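Okay, work37.tsv now, which holds TSV, C-alpha atoms and all ligand atoms:
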```tsv
chain	number	residue	atom	x	y	z
A	1264	MET	CA	32.17	23.37	43.37
A	1265	LYS	CA	34.08	25.63	40.97
A	1266	ASN	CA	35.98	22.64	39.62
A	1267	GLU	CA	32.72	20.79	39.04
A	1268	LEU	CA	31.41	23.76	37.09
A	1269	LYS	CA	34.61	24.21	35.10
A	1270	GLY	CA	34.48	20.53	34.12
A	1271	MET	CA	30.83	20.74	33.13
A	1272	PHE	CA	31.36	23.73	30.81
A	1273	THR	CA	33.39	21.62	28.40
A	1274	GLU	CA	31.79	18.19	28.82
A	1275	HIS	CA	30.44	18.35	25.26
A	1276	TRP	CA	34.05	18.25	23.96
A	1277	LYS	CA	34.13	14.54	24.81
A	1278	TYR	CA	31.14	13.77	22.62
A	1279	LEU	CA	32.43	16.02	19.84
A	1280	ALA	CA	35.84	14.29	19.84
A	1281	VAL	CA	34.18	10.86	19.56
A	1282	ASN	CA	31.82	12.24	16.94
A	1283	ALA	CA	34.80	13.48	14.87
A	1284	ALA	CA	36.39	10.02	15.17
A	1285	CYS	CA	33.14	8.50	13.85
A	1286	GLU	CA	32.88	11.02	11.01
A	1287	LEU	CA	36.43	10.10	9.98
A	1288	ASN	CA	35.60	6.37	10.41
A	1289	ILE	CA	38.63	5.99	12.65
A	1290	PHE	CA	37.14	2.99	14.49
A	1291	ASP	CA	36.46	1.14	11.20
A	1292	LYS	CA	39.88	2.07	9.84
A	1293	ILE	CA	41.69	0.72	12.92
A	1294	PHE	CA	39.57	-2.45	12.83
A	1295	ASN	CA	40.37	-2.92	9.12
A	1296	GLY	CA	44.14	-2.67	9.52
A	1297	GLN	CA	45.06	1.03	9.68
A	1298	ASN	CA	45.97	0.29	13.26
A	1299	SER	CA	48.96	2.55	13.86
A	1300	SER	CA	49.30	6.32	13.74
A	1301	GLU	CA	51.76	5.90	10.88
A	1302	LYS	CA	49.27	3.90	8.80
A	1303	LEU	CA	46.44	6.33	9.61
A	1304	ILE	CA	48.53	9.37	8.64
A	1305	HIS	CA	49.93	7.71	5.52
A	1306	SER	CA	46.53	6.50	4.23
A	1307	ASN	CA	44.52	9.61	5.03
A	1308	ASN	CA	46.96	12.54	4.93
A	1309	TRP	CA	45.75	13.90	8.30
A	1310	ASP	CA	47.58	16.28	10.61
A	1311	ILE	CA	49.82	14.14	12.82
A	1312	LYS	CA	49.82	16.29	15.98
A	1313	THR	CA	46.06	16.73	16.06
A	1314	LEU	CA	45.42	13.08	15.25
A	1315	MET	CA	47.76	11.99	18.07
A	1316	ASN	CA	45.79	14.17	20.51
A	1317	LEU	CA	42.54	12.61	19.38
A	1318	LEU	CA	43.95	9.07	19.63
A	1319	ASP	CA	45.34	9.86	23.11
A	1320	PHE	CA	41.91	10.96	24.24
A	1321	LEU	CA	40.31	7.84	22.74
A	1322	ILE	CA	42.72	5.70	24.77
A	1323	TYR	CA	42.17	7.75	27.93
A	1324	ASP	CA	38.39	7.49	27.64
A	1325	GLY	CA	38.36	3.74	26.96
A	1326	TYR	CA	37.74	3.45	23.18
A	1327	LEU	CA	41.21	2.26	22.15
A	1328	ILE	CA	44.14	0.29	23.56
A	1329	LEU	CA	47.70	0.95	22.43
A	1330	ASN	CA	50.09	-2.00	22.39
A	1331	ASN	CA	53.53	-1.86	20.73
A	1332	GLU	CA	52.45	1.14	18.62
A	1333	ASN	CA	49.35	-0.72	17.40
A	1334	TYR	CA	45.84	0.34	18.28
A	1335	THR	CA	42.99	-2.10	18.97
A	1336	LEU	CA	39.36	-1.32	19.71
A	1337	THR	CA	37.85	-1.86	23.14
A	1338	GLU	CA	34.26	-3.14	23.34
A	1339	LYS	CA	33.12	0.50	23.51
A	1340	GLY	CA	35.22	1.49	20.48
A	1341	ASN	CA	33.88	-1.49	18.54
A	1342	LEU	CA	30.31	-0.17	19.01
A	1343	LEU	CA	31.30	2.91	17.02
A	1344	ARG	CA	32.24	1.12	13.83
A	1345	GLU	CA	29.91	1.96	10.94
A	1346	GLU	CA	30.20	-1.65	9.76
A	1347	ASN	CA	29.13	-3.12	13.12
A	1348	PRO	CA	25.48	-4.22	12.57
A	1349	ASP	CA	24.88	-4.06	16.35
A	1350	GLY	CA	26.67	-0.77	16.85
A	1351	LEU	CA	25.75	2.85	17.59
A	1352	TYR	CA	27.73	4.64	14.88
A	1353	TYR	CA	24.74	6.52	13.40
A	1354	ALA	CA	23.30	7.15	16.86
A	1355	CYS	CA	26.56	8.91	17.71
A	1356	LEU	CA	26.45	11.06	14.56
A	1357	ASN	CA	22.84	12.05	15.22
A	1358	TRP	CA	23.47	14.57	18.00
A	1359	SER	CA	25.94	16.83	16.20
A	1360	GLY	CA	25.17	19.17	13.27
A	1361	GLU	CA	21.61	20.51	13.31
A	1362	HIS	CA	20.90	19.19	16.81
A	1363	LEU	CA	23.81	21.15	18.24
A	1364	LEU	CA	22.77	24.31	16.41
A	1365	ALA	CA	19.22	23.96	17.72
A	1366	TRP	CA	20.61	23.56	21.26
A	1367	GLN	CA	22.84	26.61	20.84
A	1368	ASN	CA	19.65	28.51	20.05
A	1369	LEU	CA	17.78	27.02	23.05
A	1370	LYS	CA	17.08	30.40	24.61
A	1371	TYR	CA	14.71	31.10	21.71
A	1372	SER	CA	12.66	28.03	22.73
A	1373	ILE	CA	12.61	29.13	26.38
A	1374	GLN	CA	11.47	32.62	25.40
A	1375	THR	CA	8.78	31.49	22.96
A	1376	GLY	CA	7.95	27.80	23.57
A	1377	LYS	CA	8.71	27.27	19.86
A	1378	SER	CA	11.27	25.13	18.07
A	1379	SER	CA	14.72	26.71	17.90
A	1380	PHE	CA	15.46	24.34	14.99
A	1381	GLU	CA	12.55	25.80	13.01
A	1382	GLN	CA	13.71	29.34	13.76
A	1383	ILE	CA	17.06	28.53	12.12
A	1384	TYR	CA	15.92	26.28	9.25
A	1385	HIS	CA	12.43	27.74	8.57
A	1386	LYS	CA	10.83	24.29	8.33
A	1387	SER	CA	9.97	21.40	10.59
A	1388	TYR	CA	12.66	18.83	11.34
A	1389	PHE	CA	10.88	16.08	9.38
A	1390	ASP	CA	10.34	18.35	6.35
A	1391	TYR	CA	14.01	19.30	6.52
A	1392	LEU	CA	15.07	15.63	6.58
A	1393	ASN	CA	12.66	14.76	3.77
A	1394	ASP	CA	14.42	17.21	1.47
A	1395	GLN	CA	17.85	15.60	1.98
A	1396	PRO	CA	18.08	11.85	1.30
A	1397	GLU	CA	21.48	11.41	2.95
A	1398	LYS	CA	20.49	13.18	6.17
A	1399	LEU	CA	17.19	11.28	6.15
A	1400	TYR	CA	19.10	7.99	5.80
A	1401	LYS	CA	21.49	8.84	8.65
A	1402	TYR	CA	18.65	9.91	10.94
A	1403	HIS	CA	16.70	6.69	10.33
A	1404	LYS	CA	19.80	4.53	10.74
A	1405	ALA	CA	20.29	6.27	14.12
A	1406	MET	CA	16.64	5.70	15.14
A	1407	PHE	CA	16.96	2.08	14.02
A	1408	GLU	CA	20.08	1.54	16.14
A	1409	TYR	CA	18.34	2.93	19.20
A	1410	ALA	CA	15.09	1.07	18.53
A	1411	ARG	CA	16.66	-2.32	17.87
A	1412	ASP	CA	18.30	-2.16	21.28
A	1413	ASP	CA	15.51	-0.42	23.23
A	1414	TYR	CA	12.70	-2.65	21.88
A	1415	LYS	CA	14.45	-6.03	22.04
A	1416	GLU	CA	12.22	-7.21	24.91
A	1417	LEU	CA	8.99	-5.91	23.31
A	1418	PRO	CA	7.85	-9.25	21.78
A	1419	MET	CA	8.37	-10.99	25.14
A	1420	ILE	CA	6.69	-8.34	27.28
A	1421	ILE	CA	3.56	-8.19	25.10
A	1422	ASP	CA	1.81	-11.32	23.88
A	1423	PHE	CA	1.11	-10.22	20.30
A	1424	SER	CA	-0.23	-13.67	19.32
A	1425	LYS	CA	-3.79	-12.44	19.93
A	1426	HIS	CA	-3.52	-10.20	16.86
A	1427	ASN	CA	-3.99	-11.23	13.22
A	1428	SER	CA	-2.31	-8.11	11.90
A	1429	ILE	CA	-0.26	-5.22	13.24
A	1430	ILE	CA	0.76	-1.91	11.70
A	1431	ASP	CA	3.79	0.05	12.95
A	1432	VAL	CA	2.82	3.67	12.29
A	1433	GLY	CA	5.80	6.02	11.88
A	1434	GLY	CA	7.90	2.89	12.25
A	1435	GLY	CA	10.99	4.27	10.47
A	1436	TYR	CA	13.18	1.45	9.17
A	1437	GLY	CA	11.02	-1.10	11.02
A	1438	ALA	CA	13.03	-2.17	14.08
A	1439	ALA	CA	9.97	-2.77	16.29
A	1440	ILE	CA	7.83	-4.54	13.69
A	1441	SER	CA	10.76	-6.78	12.62
A	1442	LEU	CA	11.32	-7.91	16.21
A	1443	ILE	CA	7.60	-8.76	16.46
A	1444	LYS	CA	7.55	-10.59	13.12
A	1445	ASP	CA	10.60	-12.66	14.12
A	1446	LYS	CA	8.81	-13.92	17.24
A	1447	TYR	CA	5.30	-14.17	15.73
A	1448	PRO	CA	5.88	-15.15	12.07
A	1449	THR	CA	2.19	-15.86	11.33
A	1450	ILE	CA	0.99	-12.33	12.12
A	1451	SER	CA	0.62	-10.05	9.07
A	1452	CYS	CA	2.87	-7.09	9.73
A	1453	LEU	CA	2.91	-3.75	8.00
A	1454	LEU	CA	5.27	-0.78	8.21
A	1455	PHE	CA	3.88	2.69	7.57
A	1456	ASP	CA	5.95	5.86	7.19
A	1457	LEU	CA	6.52	8.82	4.88
A	1458	GLU	CA	7.17	8.07	1.19
A	1459	LYS	CA	10.84	9.12	1.23
A	1460	VAL	CA	11.47	6.90	4.26
A	1461	ILE	CA	9.68	3.89	2.82
A	1462	GLU	CA	11.70	4.27	-0.43
A	1463	GLN	CA	14.87	3.64	1.62
A	1464	VAL	CA	13.57	0.73	3.72
A	1465	VAL	CA	15.17	-2.69	3.34
A	1466	ILE	CA	13.01	-5.23	5.17
A	1467	GLU	CA	11.88	-8.84	4.73
A	1468	ASN	CA	8.44	-10.44	5.23
A	1469	ILE	CA	6.82	-7.14	6.12
A	1470	GLU	CA	4.53	-5.17	3.86
A	1471	VAL	CA	5.49	-1.51	3.52
A	1472	VAL	CA	3.08	1.33	2.82
A	1473	CYS	CA	3.81	5.02	2.55
A	1474	GLY	CA	1.56	7.85	3.57
A	1475	ASP	CA	1.06	10.73	5.95
A	1476	PHE	CA	-0.38	9.96	9.38
A	1477	PHE	CA	-1.94	13.43	9.44
A	1478	ASN	CA	-4.08	12.41	6.45
A	1479	GLU	CA	-4.98	8.74	6.80
A	1480	ILE	CA	-3.63	5.51	8.26
A	1481	PRO	CA	-4.48	2.33	6.30
A	1482	LYS	CA	-7.32	0.20	7.71
A	1483	PHE	CA	-5.17	-2.88	7.70
A	1484	ALA	CA	-4.67	-4.16	11.20
A	1485	ASP	CA	-6.37	-4.99	14.46
A	1486	ALA	CA	-3.44	-3.42	16.35
A	1487	ILE	CA	-1.41	-0.24	15.88
A	1488	ILE	CA	2.02	0.50	17.30
A	1489	LEU	CA	2.90	4.14	17.78
A	1490	SER	CA	6.41	4.17	19.16
A	1491	ARG	CA	8.25	7.41	19.88
A	1492	VAL	CA	5.92	9.19	17.49
A	1493	LEU	CA	3.62	11.27	19.67
A	1494	HIS	CA	6.51	12.91	21.54
A	1495	ASP	CA	7.50	14.60	18.26
A	1496	TRP	CA	4.24	16.56	18.16
A	1497	ASN	CA	2.36	19.12	20.21
A	1498	ASP	CA	-1.07	18.20	21.64
A	1499	GLU	CA	-3.02	19.53	18.66
A	1500	LYS	CA	-1.02	17.47	16.14
A	1501	ALA	CA	-0.82	14.41	18.43
A	1502	MET	CA	-4.65	14.45	18.57
A	1503	ILE	CA	-4.88	14.33	14.75
A	1504	ILE	CA	-2.59	11.27	14.68
A	1505	LEU	CA	-4.66	9.62	17.41
A	1506	GLN	CA	-7.91	10.38	15.56
A	1507	ASN	CA	-6.46	8.73	12.45
A	1508	CYS	CA	-5.39	5.69	14.52
A	1509	PHE	CA	-8.92	5.48	15.90
A	1510	ASN	CA	-10.40	5.65	12.38
A	1511	ALA	CA	-8.01	2.94	11.14
A	1512	LEU	CA	-8.73	0.39	13.87
A	1513	PRO	CA	-11.73	-1.97	13.95
A	1514	ALA	CA	-14.00	-2.01	17.04
A	1515	ASN	CA	-12.05	-3.45	19.98
A	1516	GLY	CA	-8.75	-2.82	18.14
A	1517	THR	CA	-5.60	-2.22	20.23
A	1518	LEU	CA	-3.31	0.78	20.30
A	1519	TYR	CA	0.18	0.36	21.77
A	1520	ILE	CA	1.90	3.65	22.57
A	1521	ILE	CA	5.59	3.42	23.44
A	1522	GLU	CA	7.02	6.57	24.96
A	1523	ASN	CA	9.32	7.96	27.64
A	1524	CYS	CA	6.69	8.74	30.30
A	1525	THR	CA	7.95	11.31	32.78
A	1526	ASP	CA	6.04	9.75	35.71
A	1527	LYS	CA	7.09	6.14	35.09
A	1528	ILE	CA	10.85	6.30	35.38
A	1529	GLN	CA	13.53	7.26	37.88
A	1530	SER	CA	15.63	9.45	35.58
A	1531	ASN	CA	14.89	13.09	35.06
A	1532	LEU	CA	13.56	13.75	31.55
A	1533	SER	CA	13.90	17.54	31.53
A	1534	LEU	CA	16.82	17.55	29.08
A	1535	LEU	CA	15.03	15.11	26.74
A	1536	SER	CA	12.00	17.33	26.91
A	1537	LEU	CA	14.05	20.46	26.15
A	1538	ASN	CA	15.49	18.59	23.17
A	1539	MET	CA	11.98	17.81	21.90
A	1540	THR	CA	10.99	21.48	22.22
A	1541	ALA	CA	14.15	22.68	20.50
A	1542	MET	CA	13.77	20.24	17.61
A	1543	CYS	CA	10.01	19.79	17.22
A	1544	GLN	CA	8.16	22.21	19.51
A	1545	SER	CA	6.94	19.25	21.56
A	1546	TYR	CA	7.85	17.70	24.90
A	1547	GLU	CA	7.99	14.43	26.86
A	1548	ARG	CA	4.63	13.72	28.51
A	1549	SER	CA	3.51	11.81	31.58
A	1550	SER	CA	1.41	8.66	31.17
A	1551	ILE	CA	-1.52	10.70	32.50
A	1552	GLU	CA	-1.13	13.24	29.70
A	1553	TYR	CA	-1.03	10.42	27.11
A	1554	LYS	CA	-4.18	8.91	28.66
A	1555	GLU	CA	-5.96	12.25	28.49
A	1556	LEU	CA	-5.06	12.68	24.81
A	1557	CYS	CA	-6.16	9.13	23.94
A	1558	GLU	CA	-9.36	9.23	25.97
A	1559	ALA	CA	-10.31	12.52	24.31
A	1560	LYS	CA	-10.26	10.59	21.01
A	1561	GLY	CA	-12.39	7.70	22.27
A	1562	PHE	CA	-9.76	5.17	23.37
A	1563	SER	CA	-10.03	3.45	26.74
A	1564	PHE	CA	-6.91	2.79	28.75
A	1565	LYS	CA	-6.19	-0.87	29.64
A	1566	GLU	CA	-2.76	-1.09	31.21
A	1567	ALA	CA	0.85	0.12	31.27
A	1568	LYS	CA	3.91	-2.11	31.02
A	1569	GLN	CA	7.50	-1.05	31.49
A	1570	LEU	CA	9.57	-1.84	28.37
A	1571	ASN	CA	12.99	-0.82	29.71
A	1572	GLN	CA	14.52	1.82	31.98
A	1573	LEU	CA	13.19	4.64	29.82
A	1574	GLN	CA	10.15	3.51	27.85
A	1575	THR	CA	6.66	2.50	28.90
A	1576	ILE	CA	4.08	0.69	26.77
A	1577	LEU	CA	0.62	2.20	27.23
A	1578	ILE	CA	-2.13	-0.12	25.98
A	1579	PHE	CA	-5.49	1.24	24.82
A	1580	LYS	CA	-8.61	-0.28	23.24
A	1581	LYS	CA	-10.93	1.27	20.70
A	1601	LIG	C1	11.17	9.56	16.31
A	1601	LIG	S1	10.87	8.61	14.88
A	1601	LIG	C2	10.35	7.07	15.59
A	1601	LIG	C3	10.67	5.91	14.71
A	1601	LIG	C4	10.33	4.53	15.32
A	1601	LIG	N1	8.93	4.39	15.54
A	1601	LIG	C5	11.11	4.33	16.60
A	1601	LIG	O1	10.48	4.13	17.64
A	1601	LIG	O2	12.34	4.33	16.57
A	1601	LIG	C6	9.35	9.29	14.24
A	1601	LIG	C7	8.87	8.63	12.96
A	1601	LIG	O3	7.68	9.28	12.48
A	1601	LIG	C8	7.78	9.37	11.06
A	1601	LIG	N2	6.91	10.45	10.57
A	1601	LIG	C9	7.08	11.77	10.74
A	1601	LIG	N3	6.08	12.46	10.16
A	1601	LIG	C10	5.26	11.53	9.59
A	1601	LIG	C11	4.05	11.62	8.86
A	1601	LIG	N4	3.47	12.80	8.60
A	1601	LIG	N5	3.45	10.47	8.45
A	1601	LIG	C12	4.02	9.25	8.71
A	1601	LIG	N6	5.18	9.11	9.42
A	1601	LIG	C13	5.79	10.24	9.85
A	1601	LIG	C14	9.25	9.63	10.83
A	1601	LIG	O4	9.64	9.40	9.49
A	1601	LIG	C15	9.88	8.69	11.84
A	1601	LIG	O5	10.04	7.41	11.30
```
Could you quickly redo this structure as structure tokens?
Amino acid sequence: MKNELKGMFTEHWKYLAVNAACELNIFDKIFNGQNSSEKLIHSNNWDIKTLMNLLDFLIYDGYLILNNENYTLTEKGNLLREENPDGLYYACLNWSGEHLLAWQNLKYSIQTGKSSFEQIYHKSYFDYLNDQPEKLYKYHKAMFEYARDDYKELPMIIDFSKHNSIIDVGGGYGAAISLIKDKYPTISCLLFDLEKVIEQVVIENIEVVCGDFFNEIPKFADAIILSRVLHDWNDEKAMIILQNCFNALPANGTLYIIENCTDKIQSNLSLLSLNMTAMCQSYERSSIEYKELCEAKGFSFKEAKQLNQLQTILIFKK
């Protein structure tokens, strides 16, 4: 029991070591030919002893293989290359920095129910990101990497062909709407997000519109996708977004909500929920709580479909 505890106290070191390797682009460097400690030291002027410890750990934990003094990437290490278009490099970076500071201040959230991030930075997480283009870019690259993988089955699970037009509200860099457009090329697809996000978006065949979902959502589509948006907001704010979705849809329009629903999956979501409180003063809800919010705004619930091990698609009609 004591050993289990002692191990747990320092489990975050593993992530932080891999995170440092990503920040230094070690996986890309090895892939691109700096594949020995000598070459890495020579090209980057790093401290040899500390680098060797890091590389040893990366071998031990299955990211690298050492053969005749040359390193190669394992499949896991390859996923952490910035240049890998199917990788998780930005997803790895996402949980250090401000996220870690917010978690270190978690007791404030427990004591008050408020965001520990906001106590430190004196603004909401999205306002903070909006003020810093590079951080905003890294955050959205991370969300895109998660979304592209998590939503890959979405166009197969839902038959979107019944819609003429779909808008992905708070769609970030457009992973979900791109997957839908690829499978249903005749549907008009639109991506809606904050101005600073839309300025950075690179996307083909999809119309992009910027705006604030607390003000107005364009009346463009007969279906709205709201994926991993509502969990960022408390009930009061989530209701404003839902009201604006209701206003934007025509009669009989469809609302697809994609979220981690606490009652629909096997895993325990308490830590995810604590993260949402620390960062955004929100929490992960059950499908029943989502239904209550939507029904309070006039939507009627149709059905729920499981998207993957974590996310559920809740389908509502106006
Ligand atoms: C957690 S991300 C989800 C992104 C994407 N839908 C996904 O599933 O990966 C929340 C999104 O809401 C957007 N957002 C936040 N505040 C917004 C606002 N006031 N108006 C429009 N979009 C907003 C963010 O820029 C971000 O893209």
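Proximity ranking of A:Tyr1278, A:Tyr1553, A:Trp1366, A:Tyr1371 relative to Asn1497 in chain A places A:Tyr1553 first, based on only C-alpha atoms.
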_If we count all atoms listed in the file and set the cut-off at 9 Å, which residues sit around range 1425-1441 of chain A, ignoring sequence neighbours fewer than 4 positions away in its own chain? Please answer as a PyMOL selection string._
chain A and resi 1403-1404+1406-1412+1414-1415+1417-1418+1445-1446+1449-1457+1460-1461+1463-1469+1475-1476+1480-1481+1483-1492+1508+1517
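Taking CA of Gly1516 in chain A and CA of Phe1389 in chain A as the two end points, the separation is 28.6 Å.
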*What does the distance between CA of Leu1518 in chain A and atom C10 of ligand LIG 1601 (chain A) come to in Å, to one decimal place?*
17.4 Å
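For the atom pair formed by CA of Cys1557 in chain A and CA of Ala1514 in chain A, the distance is 15.3 Å, given to one decimal.
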*If I put a ball of radius 12 Å at (35.4, 2.5, 25.0) in the file's coordinates, which residues poke into it when counting all atoms listed in the file, written as a count of residues only?*
21
To test the calculation: enclose all listed atoms of ligand LIG 1601 (chain A) in a box whose edges run along x, y and z, add 8 Å on each side, then state centre and edge lengths in Å to one decimal, as lines of an AutoDock Vina configuration file.
```
center_x = 7.9
center_y = 8.5
center_z = 13.0
size_x = 24.9
size_y = 24.7
size_z = 25.2
```
*Fewer than 6 positions away in the same chain doesn't count, so skip those; otherwise give me all residues within 12 Å of Leu1363 in chain A, counting only C-alpha atoms, as a ChimeraX atom specification.*
/A:1275,1278-1279,1356-1357,1369,1379-1380,1383,1538,1541-1542
